[in-house]
$ cat my_file_22.cif   # mmCIF, C-alpha atoms and all ligand atoms
data_structure
loop_
_atom_site.label_atom_id
_atom_site.label_comp_id
_atom_site.auth_asym_id
_atom_site.auth_seq_id
_atom_site.Cartn_x
_atom_site.Cartn_y
_atom_site.Cartn_z
CA MET A 1136 2.53 -21.87 -2.26
CA ILE A 1137 3.38 -18.19 -2.10
CA LEU A 1138 4.38 -16.18 0.97
CA ILE A 1139 2.94 -12.69 1.42
CA THR A 1140 4.28 -10.41 4.14
CA GLY A 1141 1.82 -7.79 5.38
CA GLY A 1142 -1.08 -9.72 3.83
CA ALA A 1143 -3.49 -8.59 6.55
CA GLY A 1144 -2.95 -4.93 5.64
CA PHE A 1145 -4.62 -2.80 2.99
CA ILE A 1146 -2.74 -3.66 -0.21
CA GLY A 1147 -1.55 -7.10 0.94
CA GLY A 1148 -5.12 -8.05 1.88
CA ASN A 1149 -6.44 -6.90 -1.49
CA PHE A 1150 -3.63 -8.87 -3.10
CA VAL A 1151 -4.81 -12.07 -1.37
CA HIS A 1152 -8.34 -11.50 -2.78
CA HIS A 1153 -6.95 -10.64 -6.19
CA TRP A 1154 -4.70 -13.71 -6.25
CA PHE A 1155 -7.62 -16.13 -5.89
CA GLU A 1156 -10.07 -14.20 -8.08
CA ARG A 1157 -7.48 -13.93 -10.85
CA ALA A 1158 -6.74 -17.67 -10.74
CA ALA A 1159 -10.48 -18.40 -10.97
CA LYS A 1160 -10.85 -16.01 -13.94
CA LEU A 1161 -7.91 -17.60 -15.75
CA GLY A 1162 -9.21 -21.10 -15.00
CA LEU A 1163 -6.12 -21.95 -12.90
CA ALA A 1164 -6.05 -24.10 -9.76
CA PRO A 1165 -5.93 -21.81 -6.69
CA GLU A 1166 -2.36 -21.71 -5.36
CA PRO A 1167 -2.37 -21.46 -1.56
CA VAL A 1168 -1.07 -18.42 0.25
CA VAL A 1169 0.71 -18.04 3.56
CA VAL A 1170 0.43 -14.57 5.09
CA LEU A 1171 3.21 -13.55 7.46
CA ASP A 1172 2.00 -10.53 9.38
CA LYS A 1173 2.76 -9.02 12.79
CA LEU A 1174 -0.84 -7.76 13.03
CA THR A 1175 0.05 -4.24 14.07
CA TYR A 1176 -2.76 -1.68 14.37
CA ALA A 1177 -2.89 -1.74 10.52
CA GLY A 1178 -3.18 -5.51 10.17
CA ASN A 1179 -6.59 -7.09 10.39
CA PRO A 1180 -7.37 -10.79 9.79
CA ALA A 1181 -10.99 -9.79 9.05
CA THR A 1182 -9.74 -8.39 5.73
CA ILE A 1183 -8.87 -11.89 4.51
CA ALA A 1184 -11.31 -13.86 6.69
CA THR A 1185 -13.02 -15.63 3.77
CA HIS A 1186 -9.74 -17.12 2.56
CA LEU A 1187 -8.56 -18.01 6.07
CA LYS A 1188 -11.87 -19.83 6.65
CA SER A 1189 -11.70 -21.70 3.34
CA GLY A 1190 -8.16 -22.87 4.18
CA GLN A 1191 -6.72 -21.38 0.97
CA ALA A 1192 -4.80 -18.87 3.09
CA THR A 1193 -2.87 -19.48 6.31
CA LEU A 1194 -1.91 -16.73 8.73
CA VAL A 1195 1.42 -16.79 10.59
CA GLN A 1196 1.53 -13.98 13.12
CA ALA A 1197 5.17 -12.88 13.22
CA ASP A 1198 7.46 -9.87 12.88
CA ILE A 1199 9.53 -9.86 9.66
CA ALA A 1200 12.47 -8.79 11.84
CA ASP A 1201 12.17 -12.04 13.82
CA ARG A 1202 14.61 -14.18 11.86
CA ASP A 1203 13.76 -17.44 13.62
CA ALA A 1204 10.07 -16.98 12.80
CA VAL A 1205 10.79 -16.07 9.16
CA ARG A 1206 13.18 -19.03 8.78
CA ALA A 1207 10.59 -21.40 10.24
CA ALA A 1208 7.84 -20.08 7.92
CA LEU A 1209 10.04 -20.49 4.84
CA ALA A 1210 11.08 -24.01 5.87
CA THR A 1211 7.52 -25.06 6.66
CA TYR A 1212 5.72 -23.62 3.63
CA GLN A 1213 8.47 -23.79 0.96
CA PRO A 1214 7.12 -20.85 -1.08
CA ARG A 1215 8.04 -20.33 -4.72
CA LEU A 1216 7.47 -16.55 -4.37
CA VAL A 1217 7.84 -14.01 -1.58
CA VAL A 1218 5.77 -10.86 -2.08
CA HIS A 1219 6.86 -8.28 0.49
CA PHE A 1220 4.22 -5.74 1.51
CA ALA A 1221 4.86 -5.55 5.29
CA ALA A 1222 5.78 -2.04 6.35
CA GLU A 1223 4.93 0.84 8.58
CA SER A 1224 3.17 2.97 5.97
CA HIS A 1225 1.72 6.21 7.36
CA VAL A 1226 3.78 9.40 6.88
CA ASP A 1227 2.17 11.26 9.82
CA ARG A 1228 2.98 8.39 12.19
CA SER A 1229 6.58 8.37 10.90
CA ILE A 1230 6.84 12.05 11.85
CA SER A 1231 5.58 11.50 15.39
CA GLY A 1232 7.46 8.19 15.92
CA PRO A 1233 10.09 7.15 13.36
CA GLY A 1234 11.56 4.23 15.37
CA GLU A 1235 9.05 1.59 14.24
CA PHE A 1236 9.67 2.62 10.62
CA ILE A 1237 13.39 1.90 10.92
CA HIS A 1238 12.66 -1.38 12.71
CA THR A 1239 10.16 -2.77 10.19
CA ASN A 1240 11.04 -1.13 6.90
CA MET A 1241 14.81 -1.34 7.18
CA VAL A 1242 15.78 -3.94 9.80
CA GLY A 1243 12.73 -6.06 8.95
CA THR A 1244 13.41 -5.99 5.21
CA PHE A 1245 17.06 -6.84 5.88
CA SER A 1246 16.05 -9.82 8.04
CA LEU A 1247 13.57 -11.03 5.43
CA LEU A 1248 16.19 -10.69 2.68
CA GLU A 1249 18.79 -12.63 4.69
CA GLU A 1250 16.43 -15.49 5.49
CA SER A 1251 14.97 -15.58 1.99
CA ARG A 1252 18.44 -15.63 0.46
CA ALA A 1253 19.47 -18.54 2.72
CA TYR A 1254 16.27 -20.40 1.75
CA TRP A 1255 16.81 -19.71 -1.98
CA SER A 1256 20.46 -20.84 -1.74
CA GLY A 1257 19.21 -24.20 -0.50
CA LEU A 1258 16.81 -24.70 -3.41
CA GLN A 1259 17.81 -26.83 -6.38
CA GLY A 1260 17.31 -26.76 -10.15
CA GLU A 1261 13.95 -25.47 -11.39
CA ALA A 1262 12.72 -24.46 -7.94
CA LYS A 1263 15.78 -22.24 -7.54
CA ALA A 1264 15.47 -20.75 -11.03
CA ALA A 1265 11.76 -19.98 -10.59
CA PHE A 1266 12.03 -18.34 -7.14
CA ARG A 1267 11.22 -14.60 -6.97
CA PHE A 1268 11.33 -11.98 -4.19
CA LEU A 1269 9.10 -9.03 -5.07
CA HIS A 1270 9.57 -5.90 -2.95
CA VAL A 1271 6.65 -3.47 -2.86
CA SER A 1272 7.76 0.13 -2.49
CA THR A 1273 6.56 3.67 -3.00
CA ASP A 1274 6.99 6.67 -5.30
CA GLU A 1275 7.73 8.73 -2.17
CA VAL A 1276 11.39 7.59 -2.32
CA TYR A 1277 11.85 10.01 -5.24
CA GLY A 1278 10.90 13.06 -3.16
CA SER A 1279 8.65 15.92 -4.19
CA LEU A 1280 7.92 17.37 -7.66
CA SER A 1281 7.12 20.95 -8.61
CA SER A 1282 4.10 21.54 -10.85
CA THR A 1283 6.34 21.61 -13.95
CA ASP A 1284 8.72 18.71 -13.19
CA ALA A 1285 8.51 15.54 -15.28
CA ALA A 1286 6.87 12.56 -13.53
CA PHE A 1287 9.06 10.05 -11.65
CA SER A 1288 10.71 7.39 -13.80
CA GLU A 1289 12.77 4.41 -12.64
CA THR A 1290 15.94 6.47 -13.11
CA THR A 1291 14.83 9.50 -11.07
CA ALA A 1292 17.36 10.09 -8.25
CA TYR A 1293 16.22 9.13 -4.76
CA ALA A 1294 15.42 12.11 -2.52
CA PRO A 1295 13.18 10.88 0.32
CA ASN A 1296 11.83 13.61 2.60
CA SER A 1297 10.00 11.88 5.47
CA PRO A 1298 11.16 9.20 7.91
CA TYR A 1299 8.68 6.90 6.13
CA SER A 1300 10.07 7.49 2.64
CA ALA A 1301 13.67 7.42 3.91
CA SER A 1302 13.08 4.02 5.51
CA LYS A 1303 11.46 2.71 2.30
CA ALA A 1304 14.39 4.11 0.28
CA GLY A 1305 16.77 2.22 2.60
CA SER A 1306 14.85 -1.00 2.01
CA ASP A 1307 14.91 -0.46 -1.78
CA HIS A 1308 18.69 -0.05 -1.68
CA LEU A 1309 19.07 -3.29 0.28
CA VAL A 1310 16.94 -5.17 -2.27
CA ARG A 1311 19.00 -3.72 -5.12
CA ALA A 1312 22.25 -4.70 -3.37
CA TYR A 1313 21.06 -8.28 -2.75
CA HIS A 1314 20.46 -8.72 -6.47
CA HIS A 1315 23.69 -7.03 -7.51
CA THR A 1316 25.93 -8.73 -4.94
CA TYR A 1317 24.40 -12.16 -4.44
CA GLY A 1318 22.39 -12.59 -7.64
CA PHE A 1319 19.31 -12.92 -5.42
CA PRO A 1320 16.24 -12.93 -7.76
CA THR A 1321 14.51 -9.68 -6.85
CA LEU A 1322 11.88 -7.49 -8.48
CA THR A 1323 10.91 -4.06 -7.12
CA THR A 1324 7.74 -2.06 -7.75
CA ASN A 1325 7.40 1.61 -6.73
CA CYS A 1326 3.78 2.65 -6.84
CA SER A 1327 1.77 5.79 -6.28
CA ASN A 1328 -0.99 6.35 -3.67
CA ASN A 1329 -3.40 3.41 -3.58
CA TYR A 1330 -7.08 3.63 -2.66
CA GLY A 1331 -9.95 1.15 -2.48
CA PRO A 1332 -11.64 -1.30 -0.08
CA TYR A 1333 -10.02 -2.25 3.27
CA HIS A 1334 -7.97 0.98 3.41
CA PHE A 1335 -7.19 1.83 7.02
CA PRO A 1336 -9.06 5.04 7.91
CA GLU A 1337 -6.00 7.05 8.94
CA LYS A 1338 -5.21 7.75 5.24
CA LEU A 1339 -6.83 10.58 3.29
CA ILE A 1340 -9.61 8.84 1.33
CA PRO A 1341 -11.10 6.49 3.96
CA LEU A 1342 -10.65 9.12 6.69
CA MET A 1343 -12.66 11.63 4.67
CA ILE A 1344 -15.43 9.13 3.87
CA LEU A 1345 -15.85 8.04 7.48
CA ASN A 1346 -15.53 11.53 9.00
CA ALA A 1347 -18.15 12.79 6.54
CA LEU A 1348 -20.57 10.00 7.43
CA ASP A 1349 -20.05 10.82 11.13
CA GLY A 1350 -20.65 14.56 10.47
CA LYS A 1351 -17.09 15.36 11.64
CA PRO A 1352 -14.75 18.01 10.16
CA LEU A 1353 -12.85 16.99 6.99
CA PRO A 1354 -9.27 18.06 7.86
CA VAL A 1355 -7.43 19.25 4.73
CA TYR A 1356 -3.73 19.91 5.42
CA GLY A 1357 -2.25 23.26 4.34
CA ASP A 1358 -3.78 24.79 1.21
CA GLY A 1359 -5.15 21.45 -0.08
CA LEU A 1360 -3.25 21.85 -3.37
CA ASN A 1361 -0.82 18.96 -2.88
CA ILE A 1362 -1.08 16.44 -5.69
CA ARG A 1363 -1.06 12.65 -5.54
CA ASP A 1364 -1.32 10.15 -8.43
CA TRP A 1365 -4.18 7.86 -7.35
CA LEU A 1366 -4.01 4.15 -8.19
CA TYR A 1367 -6.95 1.81 -7.59
CA VAL A 1368 -5.64 -0.98 -5.36
CA ARG A 1369 -6.80 -3.84 -7.61
CA ASP A 1370 -4.97 -2.27 -10.57
CA HIS A 1371 -1.86 -2.29 -8.40
CA CYS A 1372 -2.41 -5.97 -7.45
CA GLU A 1373 -2.74 -6.92 -11.11
CA ALA A 1374 0.48 -5.01 -11.90
CA ILE A 1375 2.30 -7.04 -9.24
CA CYS A 1376 0.98 -10.33 -10.66
CA GLN A 1377 2.19 -9.36 -14.13
CA VAL A 1378 5.61 -8.21 -12.88
CA LEU A 1379 5.98 -11.57 -11.09
CA GLU A 1380 5.22 -13.34 -14.37
CA LYS A 1381 7.08 -11.16 -16.85
CA GLY A 1382 9.50 -8.90 -14.95
CA THR A 1383 13.25 -9.00 -15.55
CA LEU A 1384 15.21 -9.94 -12.42
CA GLY A 1385 16.87 -7.04 -10.63
CA GLU A 1386 14.64 -4.48 -12.37
CA VAL A 1387 12.45 -1.75 -10.90
CA TYR A 1388 8.95 -0.99 -12.26
CA ASN A 1389 7.03 2.19 -11.43
CA VAL A 1390 3.28 1.66 -11.13
CA GLY A 1391 1.02 4.71 -11.40
CA GLY A 1392 -2.67 5.40 -11.81
CA ILE A 1393 -2.30 8.22 -14.37
CA ASN A 1394 -4.60 10.19 -12.05
CA GLU A 1395 -2.89 13.31 -10.72
CA ILE A 1396 -5.40 15.05 -8.48
CA LYS A 1397 -5.19 17.86 -5.91
CA ASN A 1398 -6.19 16.82 -2.38
CA ILE A 1399 -9.04 19.33 -2.24
CA ASP A 1400 -10.48 17.88 -5.46
CA VAL A 1401 -10.28 14.36 -4.02
CA VAL A 1402 -12.20 15.54 -0.95
CA THR A 1403 -14.89 17.42 -2.89
CA THR A 1404 -15.37 14.42 -5.22
CA ILE A 1405 -16.01 12.22 -2.18
CA CYS A 1406 -18.40 14.83 -0.72
CA ARG A 1407 -20.44 15.02 -3.94
CA LYS A 1408 -20.64 11.24 -4.20
CA LEU A 1409 -21.90 11.03 -0.64
CA ASP A 1410 -24.42 13.86 -1.27
CA GLU A 1411 -25.83 11.64 -4.00
CA LEU A 1412 -25.74 8.29 -2.19
CA ARG A 1413 -26.32 9.29 1.46
CA PRO A 1414 -27.75 12.86 1.62
CA ARG A 1415 -27.37 14.56 5.00
CA ALA A 1416 -30.51 14.68 7.14
CA ASP A 1417 -30.38 18.49 7.55
CA GLY A 1418 -30.04 19.10 3.78
CA SER A 1419 -26.52 20.61 4.06
CA THR A 1420 -23.72 19.41 1.81
CA TYR A 1421 -20.77 17.30 2.99
CA GLU A 1422 -18.48 20.00 1.57
CA SER A 1423 -19.60 22.28 4.41
CA LEU A 1424 -17.55 19.99 6.71
CA ILE A 1425 -14.23 20.79 4.94
CA THR A 1426 -11.80 22.43 7.36
CA TYR A 1427 -8.30 23.58 6.41
CA VAL A 1428 -5.86 22.63 9.19
CA THR A 1429 -2.17 23.08 10.00
CA ASP A 1430 0.01 21.46 7.34
CA ARG A 1431 2.09 18.30 7.73
CA PRO A 1432 5.76 19.20 8.43
CA GLY A 1433 7.84 18.74 5.25
CA HIS A 1434 4.69 17.94 3.25
CA ASP A 1435 5.67 16.75 -0.26
CA ARG A 1436 3.93 18.90 -2.87
CA ARG A 1437 3.42 16.57 -5.78
CA TYR A 1438 3.93 12.92 -6.72
CA ALA A 1439 3.43 11.61 -10.25
CA ILE A 1440 4.52 8.36 -11.90
CA ASP A 1441 5.61 7.89 -15.48
CA PRO A 1442 4.39 4.32 -16.16
CA THR A 1443 6.01 4.00 -19.60
CA LYS A 1444 8.32 1.13 -18.60
CA ILE A 1445 5.66 -1.15 -17.11
CA GLN A 1446 3.31 -0.40 -20.03
CA ARG A 1447 5.98 -1.12 -22.62
CA ASP A 1448 7.84 -4.07 -21.06
CA ILE A 1449 5.07 -5.78 -19.11
CA GLY A 1450 1.96 -4.67 -21.00
CA TRP A 1451 0.15 -3.45 -17.84
CA SER A 1452 -2.06 -0.34 -17.68
CA PRO A 1453 -4.58 0.70 -15.02
CA ALA A 1454 -8.16 -0.36 -15.78
CA GLU A 1455 -9.90 2.14 -13.46
CA THR A 1456 -10.32 5.87 -13.89
CA PHE A 1457 -10.45 7.90 -10.67
CA GLU A 1458 -14.20 8.25 -11.15
CA SER A 1459 -14.85 4.52 -11.49
CA GLY A 1460 -12.44 3.66 -8.66
CA ILE A 1461 -13.80 6.21 -6.19
CA ASN A 1462 -17.38 5.11 -6.93
CA LYS A 1463 -16.45 1.53 -6.02
CA THR A 1464 -14.57 2.72 -2.95
CA VAL A 1465 -17.34 4.94 -1.55
CA ALA A 1466 -19.92 2.19 -2.20
CA TRP A 1467 -17.71 -0.33 -0.37
CA TYR A 1468 -17.39 1.90 2.73
CA LEU A 1469 -21.14 2.48 2.79
CA GLN A 1470 -21.72 -1.29 2.85
CA SER A 1471 -18.89 -2.46 5.10
CA THR A 1472 -19.92 -1.31 8.55
CA GLU A 1473 -18.80 -4.52 10.25
CA TRP A 1474 -15.22 -4.21 8.95
CA ILE A 1475 -15.16 -0.51 9.82
CA ASP A 1476 -16.24 -1.24 13.41
CA THR A 1477 -13.46 -3.82 13.84
CA VAL A 1478 -10.70 -1.39 12.76
CA ARG A 1479 -11.93 1.67 14.67
CA SER A 1480 -10.64 0.38 17.99
CA GLY A 1481 -9.48 2.38 20.99
CA ALA A 1482 -5.96 2.51 19.47
CA TYR A 1483 -7.40 4.08 16.31
CA ARG A 1484 -9.27 6.70 18.30
CA ASP A 1485 -6.10 7.53 20.29
CA TRP A 1486 -4.18 8.12 17.04
CA ILE A 1487 -6.89 10.39 15.61
CA ALA A 1488 -6.95 12.40 18.84
CA GLN A 1489 -3.15 12.75 18.82
CA ASN A 1490 -2.75 13.62 15.11
CA TYR A 1491 -5.50 16.23 14.88
CA ALA A 1492 -5.34 17.79 18.37
CA ASP A 1493 -2.53 20.24 17.53
CA ARG A 1494 -3.72 21.14 14.02
CA SER A 1495 -5.56 24.40 14.50
CA ALA A 1496 -8.29 25.07 11.95
P1 LIG A 1501 -0.71 -1.07 5.73
O1 LIG A 1501 -0.13 -0.17 6.77
O2 LIG A 1501 -2.17 -1.01 5.44
O3 LIG A 1501 -0.39 -2.60 6.08
C1 LIG A 1501 0.88 -3.00 6.51
C2 LIG A 1501 0.78 -4.45 6.98
O4 LIG A 1501 2.09 -4.86 7.39
C3 LIG A 1501 -0.15 -4.65 8.16
O5 LIG A 1501 -0.92 -5.83 7.99
C4 LIG A 1501 0.81 -4.81 9.34
O6 LIG A 1501 0.27 -5.61 10.39
C5 LIG A 1501 2.00 -5.47 8.67
N1 LIG A 1501 3.26 -5.22 9.39
C6 LIG A 1501 3.72 -4.03 9.85
N2 LIG A 1501 4.90 -4.21 10.46
C7 LIG A 1501 5.21 -5.53 10.37
C8 LIG A 1501 6.30 -6.33 10.78
N3 LIG A 1501 7.34 -5.80 11.45
N4 LIG A 1501 6.29 -7.65 10.50
C9 LIG A 1501 5.23 -8.21 9.83
N5 LIG A 1501 4.17 -7.51 9.43
C10 LIG A 1501 4.16 -6.18 9.69
O7 LIG A 1501 0.15 -0.79 4.43
P2 LIG A 1501 -0.29 -0.80 2.89
O8 LIG A 1501 -0.91 0.50 2.57
O9 LIG A 1501 -1.03 -2.05 2.64
O10 LIG A 1501 1.12 -0.85 2.19
C11 LIG A 1501 1.71 -2.08 1.78
C12 LIG A 1501 3.05 -1.79 1.14
O11 LIG A 1501 2.85 -0.93 0.02
C13 LIG A 1501 4.03 -1.07 2.06
O12 LIG A 1501 5.31 -1.60 1.85
C14 LIG A 1501 3.97 0.38 1.61
O13 LIG A 1501 5.18 1.05 1.85
C15 LIG A 1501 3.69 0.21 0.13
N6 LIG A 1501 2.97 1.33 -0.49
C16 LIG A 1501 1.74 1.71 -0.05
C17 LIG A 1501 1.06 2.75 -0.69
C18 LIG A 1501 -0.32 3.17 -0.28
O14 LIG A 1501 -0.88 4.10 -0.90
N7 LIG A 1501 -0.95 2.53 0.69
C19 LIG A 1501 1.66 3.43 -1.76
C20 LIG A 1501 2.94 3.03 -2.16
C21 LIG A 1501 3.57 1.96 -1.54
P1 LIG A 1502 -1.99 10.08 2.92
O1 LIG A 1502 -3.24 9.31 2.63
O2 LIG A 1502 -1.50 10.11 4.34
O3 LIG A 1502 -0.87 9.53 1.94
P2 LIG A 1502 0.64 10.12 1.63
O4 LIG A 1502 1.00 11.09 2.67
O5 LIG A 1502 1.47 8.88 1.71
O6 LIG A 1502 0.56 10.70 0.26
O7 LIG A 1502 -2.20 11.57 2.45
C1 LIG A 1502 -2.54 11.88 1.12
C2 LIG A 1502 -2.55 13.39 0.97
O8 LIG A 1502 -3.62 13.91 1.79
C3 LIG A 1502 -1.28 14.03 1.51
O9 LIG A 1502 -0.97 15.15 0.67
C4 LIG A 1502 -1.65 14.51 2.90
C5 LIG A 1502 -3.13 14.83 2.76
N1 LIG A 1502 -3.96 14.64 3.98
C6 LIG A 1502 -4.82 15.65 4.41
O10 LIG A 1502 -4.92 16.73 3.78
N2 LIG A 1502 -5.57 15.45 5.54
C7 LIG A 1502 -5.49 14.29 6.26
O11 LIG A 1502 -6.20 14.17 7.30
C8 LIG A 1502 -4.63 13.25 5.80
C9 LIG A 1502 -4.51 11.96 6.55
C10 LIG A 1502 -3.88 13.47 4.65
#
$ encode --input "my_file_22.cif" --output "structure tokens" --more "lines below"
Ligand code: NAD
Ligand code: TYD
Amino acid sequence: MILITGGAGFIGGNFVHHWFERAAKLGLAPEPVVVLDKLTYAGNPATIATHLKSGQATLVQADIADRDAVRAALATYQPRLVVHFAAESHVDRSISGPGEFIHTNMVGTFSLLEESRAYWSGLQGEAKAAFRFLHVSTDEVYGSLSSTDAAFSETTAYAPNSPYSASKAGSDHLVRAYHHTYGFPTLTTNCSNNYGPYHFPEKLIPLMILNALDGKPLPVYGDGLNIRDWLYVRDHCEAICQVLEKGTLGEVYNVGGINEIKNIDVVTTICRKLDELRPRADGSTYESLITYVTDRPGHDRRYAIDPTKIQRDIGWSPAETFESGINKTVAWYLQSTEWIDTVRSGAYRDWIAQNYADRSA
């Protein structure tokens, strides 16, 4: 049994799918999963419905900061691994309301570490030696690069710029300290921007796909020249599986897609793909919907990951190019209307209204 926090979210949900598909491919017996998730606006049981129905996955709805609930889940399910995805993850929301980010990313990670450490301390022999706590983090903890700076490595100094990245940096430091001080068996991965199926449509790629299909403006912040290093979500999930198997305890591994792309190029790529797959009724191009809007405050200019360590020590490399990954992603959104309807609730519409109302074109 493994315990996955945030397993009803974007990456955690993909990880649940990947976990079972990988076992099937390798001819291994499927190892059950327990998902501990608060089911915030970003958590959606529909993402993992097939595995919940089959009984391979169990959902415990709880806050990682609720120590009694975490303790009970660990005692009941006796996991051999904890994979920690649960977080508040959207930079724009952290700017308009940082409190939840401190609660979940820092206090929540602290609570999860304390309870997991107590659980691990009570294990014996092989079970104790095999236990792992893998903390999923972000490249945003390293701050912003100029166009000529070298990509982030595991030794780049932390310089978080948003309440989101500062709260993730705090959680990374706690994980590091728990290994150093208590010998708690941790692994940390810091990855670049993920994209793929089940991505909540407040983030750049799914927002642009869905706005385009609805004929709405495509809001590009600032000059559109900010750069992100795009990682297909299943490549990230595979990296996590390999770090769990081969990673050295206490170490950090940076996971990147080797795909540095300017935001405006991401958006035009999506537009061209949609022109091909779902041409607009009036014959105009999706690019005509692009609208430059007021920038994000403190907007980081460039992120880029140097994946040398994970390639060399673990043997992982991304399988998808941006072209192959975005083709899969756009095709998935075109087919997945039921999932899209379930996540575009009233709360989603309220956020979109709030975030874009004050951004003049
Ligand atoms: P997400 O926002 O899509 O999902 C987060 C999940 O965590 C949701 O299911 C939510 O219900 C759950 N959650 C939130 N607060 C909780 C709490 N207090 N207790 C229990 N569950 C809670 O996020 P994501 O994009 O899947 O990101 C997963 C992890 O990967 C996060 O730690 C994030 O910082 C990290 N990360 C994400 C990206 C990215 O591009 N999406 C990049 C780098 C790192
Ligand atoms: P996002 O998906 O929010 O991820 P992050 O901020 O964690 O990198 O944004 C990706 C990039 O896209 C970032 O530079 C901000 C930009 N962006 C827009 O230009 N318009 C938008 O509507 C959104 C949500 C993001």
$ closest_residue --input "my_file_22.cif" --among "A:Ala1304, A:Leu1216, A:Ile1449, A:Ile1425" --to "Cys1406 (chain A)" --atoms "all atoms listed in the file"
A:Ile1425
$ closest_residue --input "my_file_22.cif" --among "A:Lys1338, A:Lys1160, A:Lys1463, A:Arg1267" --to "Pro1214 (chain A)" --atoms "only C-alpha atoms"
A:Arg1267
$ residues_near_ligand --input "my_file_22.cif" --ligand "ligand LIG 1502 (chain A)" --cutoff "6 Å" --atoms "only C-alpha atoms and all ligand atoms" --output "PyMOL selection string"
chain A and resi 1225-1226+1337-1339+1354-1356+1361+1398
$ residues_around --input "my_file_22.cif" --residues "Ser1279 (chain A)" --least-positions-apart "4" --cutoff "6 Å" --atoms "only C-alpha atoms" --output "ChimeraX atom specification"
/A:1435-1437
$ residues_around --input "my_file_22.cif" --residues "region 1442-1445 of chain A" --least-positions-apart "6" --cutoff "8 Å" --atoms "all atoms listed in the file" --output "compact mmCIF listing (two decimals) with C-alpha atoms, keeping the file's coordinate frame"
# COMPACT_ATOMS: atom_id res chain seq x y z
CA SER A 1288 10.71 7.39 -13.80
CA TYR A 1388 8.95 -0.99 -12.26
CA ASN A 1389 7.03 2.19 -11.43
CA VAL A 1390 3.28 1.66 -11.13
CA GLY A 1391 1.02 4.71 -11.40
CA ILE A 1393 -2.30 8.22 -14.37
CA TRP A 1451 0.15 -3.45 -17.84
CA SER A 1452 -2.06 -0.34 -17.68
$ residues_near_ligand --input "my_file_22.cif" --ligand "ligand LIG 1501 (chain A)" --cutoff "8 Å" --atoms "all atoms listed in the file" --output "ChimeraX atom specification"
/A:1140-1148,1171-1179,1196-1200,1219-1225,1238-1240,1243,1270-1275,1303,1325-1330,1334-1335,1366
$ closest_residue --input "my_file_22.cif" --among "A:Asp1227, A:Gly1418, A:Glu1380, A:Ile1237" --to "Asp1430 (chain A)" --atoms "only C-alpha atoms"
A:Asp1227
$ axis_aligned_box --input "my_file_22.cif" --around "region 1249-1259 of chain A" --padding-each-side "6 Å" --output "JSON"
{"center_x": 17.7, "center_y": -19.7, "center_z": -0.4, "size_x": 17.5, "size_y": 26.2, "size_z": 23.9}
$ closest_residue --input "my_file_22.cif" --among "A:Arg1479, A:Ile1396, A:Pro1332, A:Ile1137" --to "Thr1464 (chain A)" --atoms "all atoms listed in the file"
A:Pro1332
$ atom_distance --input "my_file_22.cif" --atom1 "CA of Met1343 (chain A)" --atom2 "CA of Ser1300 (chain A)"
23.2 Å
$ residues_around --input "my_file_22.cif" --residues "Thr1185 (chain A)" --least-positions-apart "4" --cutoff "12 Å" --atoms "only C-alpha atoms" --output "list in words"
Gly1148, Val1151, His1152, Phe1155, Pro1180, Ala1181, Ser1189, Gly1190, Gln1191, Ala1192 and Thr1193 of chain A
$ write_last_selection --input "my_file_22.cif" --atoms "C-alpha atoms" --output "short mmCIF file (atom, residue, chain, number, x, y, z; two decimals), keeping the file's coordinate frame"
data_model
loop_
_atom_site.label_atom_id
_atom_site.label_comp_id
_atom_site.auth_asym_id
_atom_site.auth_seq_id
_atom_site.Cartn_x
_atom_site.Cartn_y
_atom_site.Cartn_z
CA GLY A 1148 -5.12 -8.05 1.88
CA VAL A 1151 -4.81 -12.07 -1.37
CA HIS A 1152 -8.34 -11.50 -2.78
CA PHE A 1155 -7.62 -16.13 -5.89
CA PRO A 1180 -7.37 -10.79 9.79
CA ALA A 1181 -10.99 -9.79 9.05
CA SER A 1189 -11.70 -21.70 3.34
CA GLY A 1190 -8.16 -22.87 4.18
CA GLN A 1191 -6.72 -21.38 0.97
CA ALA A 1192 -4.80 -18.87 3.09
CA THR A 1193 -2.87 -19.48 6.31
#
$ residues_near_point --input "my_file_22.cif" --point "(15.2, -13.0, 1.2)" --cutoff "10 Å" --atoms "all atoms listed in the file" --output "list in words"
Val1205, Arg1206, Leu1209, Val1217, His1219, Thr1244, Phe1245, Ser1246, Leu1247, Leu1248, Glu1249, Glu1250, Ser1251, Arg1252, Ala1253, Tyr1254, Trp1255, Ser1256, Arg1267, Phe1268, Leu1269, His1270, Val1310, Tyr1313, Phe1319, Pro1320 and Thr1321 of chain A
$ atom_distance --input "my_file_22.cif" --atom1 "CA of Trp1486 (chain A)" --atom2 "CA of Asp1400 (chain A)"
25.3 Å
